[in-house]
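Colleague: My questions all concern the structure below.
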Amino acid sequence: MDIKKVGIIGTGTMGVGMAQVCAQAGIPTVAVKATPGTPERAQAGLEKSLARMVERGKMEAAEKDAIVGRIAFTTDEGAVADCDLVIESIIEDLDTKKALFKRLEGVCTPDALLTTNTSTLSVTSMMAVCEHRQRVAGLHFFNPAPAMALVEIIHAFETSESTVRALEAFCKEIGKDPVIVQDTTGFIVNRLLTPYLLSAVRLLERGTGDIEGIDHAMMSGAGHPMGPFALADYIGLDVVNAMAQNIYNDARTDHHNPPHTLTRLVELGYLGRKTGKGFYDYSSKPPTANPALKHPIS
Ligand code: 3HC
């Protein structure tokens with residue numbers, strides 16, 4: 001199946017990042033804002049990020065304009081009616097996603113591929129509300145979508161082989177490096193990454209090292225581009241906490257249980273980079289450890 005047009009539902013960081021990737025590969029893309037309001041902020045954010053790449057000499061101005069020109073930002077879900085592939089990237093709430101899949105079946109053609117970018121929710125549960133289940137799958141991109149090569153293609157219970165093959169070809173066409181995964185909570189990367197991030201928090205709680213020391217060790221000693229605390233802040237502590245909770249609910253293994261310090265930071269509204277504070281305080285340059293963590297949080 002040839003994917004000539006892509007629809008993205010949700011214009012958050014991942015939605016806009018995936019729209020950029022598709023448009024950069026020359027594919028006309030519709031980006032639908034899923035929550036109330038206009039999509040202008042999302043479009044302005046994309047243009048600003050592309051303008052930075054032009055300034056840094058990583059992209060020609062003409063390419064930036066072509067990418068922006070290939071993305072139609074809208075609030076109308078019906079605009080994905082003629083898309084061959086839809087990727088949803090809305091709030092991580094299973095009931096909201098199931099309702100969206102039901103609506104998409106009414107909007108899209110029966111052979112359009114319907115996919116989810118969920119981090120840890122069950123693709124099979126979304127498939128269950130659909131009539132044409134063979135075309136439902138997961139398509140899990142990583143943040144930042146334009147820079148991260150991997151896409152996990154999630155094979156849910158009734159996903160057909162032709163759907164998986166079409167998604168694999170699509171990923172290669174947009175310059176990504178796909179892996180096929182069975183529908184297990186957290187798939188491959190989040191299933192392994194989440195307990196790693198939680199273990200770093202537990203080392204901090206035990207006093208094994210401080211935030212900067214643990215991050216420095218994993219960058220310098222294990223070759224990671226970011227240490228676990230910088231990465232957790234980058235992903236968003238609410239997202240990490242929700243991933244841990246979802247995997248824990250499924251696996252019931254202690255090492256997936258979100259540690260006290262993480263849940264307290266989320267409760268306090270310290271969600272990482274997006275709120276200016278998480279494990280680090282981003283008001284200083286370079287960021288320094290969040291002073292709230294100088295004393296154990298209880
Ligand atoms: N848009 C487009 N391109 C971007 C970008 C963005 N937002 N951010 C970075 N890039 C590109 C740069 O242009 C550059 O490309 P080039 O090598 O072709 O010139 C490349 O990425 C490297 O960027 P920089 O040199 O600016 O910065 P760094 O070298 O510091 O890399 C990073 C930044 C790519 C974010 C790197 O630190 C990294 O890989 N960090 C780990 C990120 C990670 O693990 N993400 C996965 C999180 S888990 C997840 O997403 C799953 C979800 O379900 C929660």
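In the structure tokens, chains take the letters A, B, ... in the order shown, each chain's residues start at 1, and ligands count up from 1 in the order shown.
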Please identify every polymer residue within 6 Å of ligand 1, using only C-alpha atoms and all ligand atoms, and present the set as an NGL selection string.
Modeller: :A and (119 or 142-144 or 146-147 or 225-226 or 235)
Colleague: Go through segment 37-103 of chain A and collect every residue that DSSP, computed from the backbone, puts in helix (DSSP H, G or I); the answer should be as a PyMOL selection string.
Modeller: chain A and resi 40-55+61-70+77-80+94-103
Colleague: Can you list, as a count of residues only, every protein, DNA or RNA residue that comes within 12 Å of Ile247 of chain A when you count only C-alpha atoms, leaving out same-chain residues fewer than 4 positions away?
Modeller: 27
Colleague: List as a PyMOL selection string the protein and nucleic acid residues near Cys22 of chain A, meaning an atom at most 12 Å away when only C-alpha atoms are counted, but skip any in the same chain fewer than 4 places from it.
Modeller: chain A and resi 3-8+15-18+26-31+66-68+70-71+85-87+141+145-146+170-176
Colleague: Give me the residues near Lys33 of chain A as a list in words, where near means some atom within 8 Å (using only C-alpha atoms) and where sequence neighbours in that chain fewer than 4 positions away do not count.
Modeller: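 Within the cut-off, the hits are Ile9, Gly10, Thr11, Gly37, Thr38, Pro39, Phe73, Thr74, Thr75 and Asp76 of chain A.
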Colleague: Which is closer to Thr288 of chain A than all the others in A:Tyr248, A:Pro228, A:Ile211, A:Ala169, using only C-alpha atoms?
Modeller: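 So, comparing all the options, the nearest one is A:Ile211.
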